[in-house]
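Undergrad: Dropping a structure here in structure tokens format, bear with me for questions.
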Amino acid sequence: MTYVIAQPCVDVLDRSCVDECPVDCIYEGSRALYIHPDECIDCGACEPVCPVEAIYYEDDLPEEFGPYLADNAVFFATPLPGREQALGSPGGADDIGPLGVDTPLVAGLPSADPGKETG
């Protein structure tokens, strides 16, 4: 089981959850944050600090955000545009920094800022 970051985070990137995470398992894409499913220890520290209520325990994920469960895994297990190989499990986001790439699901969403183009 793991926590999942869903659509309300897209184009927000508040990072309160990153600051709260004791195991550094929340990685930054270009438009969204992603929780590594193998590195997450299910402590729940990230969920209450999210200002847009985008973080859910896997079993509590609302149906409309169901695709984000697999999407979070795709971010780590699949080569994405601009990244030749899958990220895998690097063991912490802090050393890597922002990755500047998103999954096709997130990249394909309309921008929260209508004047800004998306991936």
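How things are named: the first chain in the structure tokens is A, the next is B, and so on; residues count from 1 in each chain; ligands count from 1 in the order shown.
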Which residues come within 9 Å of A:Phe75, counting only C-alpha atoms, excluding same-chain residues fewer than 5 positions away, as a list in words?
TA: Gly29, Tyr34, His36, Ala70, Leu80, Ala86, Leu87, Gly88, Val101, Asp102 and Thr103 of chain A
Undergrad: Just asking: which residues within stretch 12-64 of chain A are helix (DSSP H, G or I) according to DSSP, as number ranges by chain?
TA: A: 16-20, 47-49, 58-60, 63-64
Undergrad: Kindly save the residues from that selection, with N, CA, C and O atoms included, as a short mmCIF file (atom, residue, chain, number, x, y, z; two decimals), in the first residue's frame.
TA:
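The result, stored in again06.cif:
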```cif
data_model
loop_
_atom_site.label_atom_id
_atom_site.label_comp_id
_atom_site.auth_asym_id
_atom_site.auth_seq_id
_atom_site.Cartn_x
_atom_site.Cartn_y
_atom_site.Cartn_z
N SER A 16 4.61 21.25 0.60
CA SER A 16 4.47 21.05 2.05
C SER A 16 4.65 19.57 2.38
O SER A 16 5.24 19.22 3.40
N CYS A 17 4.14 18.71 1.52
CA CYS A 17 4.25 17.27 1.74
C CYS A 17 5.70 16.82 1.68
O CYS A 17 6.13 15.96 2.46
N VAL A 18 6.47 17.41 0.79
CA VAL A 18 7.88 17.06 0.66
C VAL A 18 8.62 17.40 1.95
O VAL A 18 9.42 16.60 2.46
N ASP A 19 8.33 18.56 2.50
CA ASP A 19 8.98 18.98 3.74
C ASP A 19 8.61 18.08 4.91
O ASP A 19 9.40 17.91 5.84
N GLU A 20 7.43 17.49 4.88
CA GLU A 20 6.93 16.67 5.98
C GLU A 20 7.35 15.21 5.89
O GLU A 20 7.40 14.51 6.89
N GLU A 47 -0.28 13.66 4.04
CA GLU A 47 -1.69 13.89 3.74
C GLU A 47 -2.28 15.14 4.41
O GLU A 47 -2.89 15.97 3.73
N PRO A 48 -2.13 15.33 5.72
CA PRO A 48 -2.80 16.48 6.35
C PRO A 48 -2.20 17.84 6.00
O PRO A 48 -2.85 18.86 6.18
N VAL A 49 -0.97 17.87 5.49
CA VAL A 49 -0.35 19.17 5.19
C VAL A 49 -0.61 19.64 3.77
O VAL A 49 -0.27 20.77 3.42
N GLU A 58 -4.01 4.86 -0.69
CA GLU A 58 -4.43 4.08 -1.85
C GLU A 58 -5.86 3.54 -1.73
O GLU A 58 -6.64 3.63 -2.67
N ASP A 59 -6.22 3.01 -0.59
CA ASP A 59 -7.56 2.44 -0.41
C ASP A 59 -8.66 3.50 -0.32
O ASP A 59 -9.83 3.18 -0.44
N ASP A 60 -8.28 4.75 -0.06
CA ASP A 60 -9.24 5.84 0.09
C ASP A 60 -9.30 6.76 -1.13
O ASP A 60 -9.97 7.79 -1.10
N GLU A 63 -12.88 7.55 -6.67
CA GLU A 63 -12.96 6.88 -7.98
C GLU A 63 -12.47 7.77 -9.12
O GLU A 63 -11.79 7.29 -10.03
N GLU A 64 -12.81 9.06 -9.08
CA GLU A 64 -12.41 9.94 -10.18
C GLU A 64 -10.88 10.12 -10.28
O GLU A 64 -10.36 10.52 -11.31
#
```
Undergrad: At a cut-off of 7 Å, using only C-alpha atoms, what residues contact A:Val4? Leave out same-chain residues fewer than 5 positions from it and give the result as a VMD selection string.
TA: chain A and resid 35 55 to 58 68 to 69 72
Undergrad: From the list A:Cys25, A:Leu99, A:Met1, A:Cys40, which residue is nearest A:Arg83 when using only C-alpha atoms?
TA: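 When distances to A:Arg83 are compared using only C-alpha atoms, the smallest one comes from A:Leu99.
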Undergrad: When you count only C-alpha atoms, which of these residues is closest to A:Gly100: A:Ala112, A:Ala32, A:Ile26, A:Ala77?
TA: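 Of A:Ala112, A:Ala32, A:Ile26, A:Ala77, the one nearest A:Gly100 is A:Ala32, counting only C-alpha atoms.
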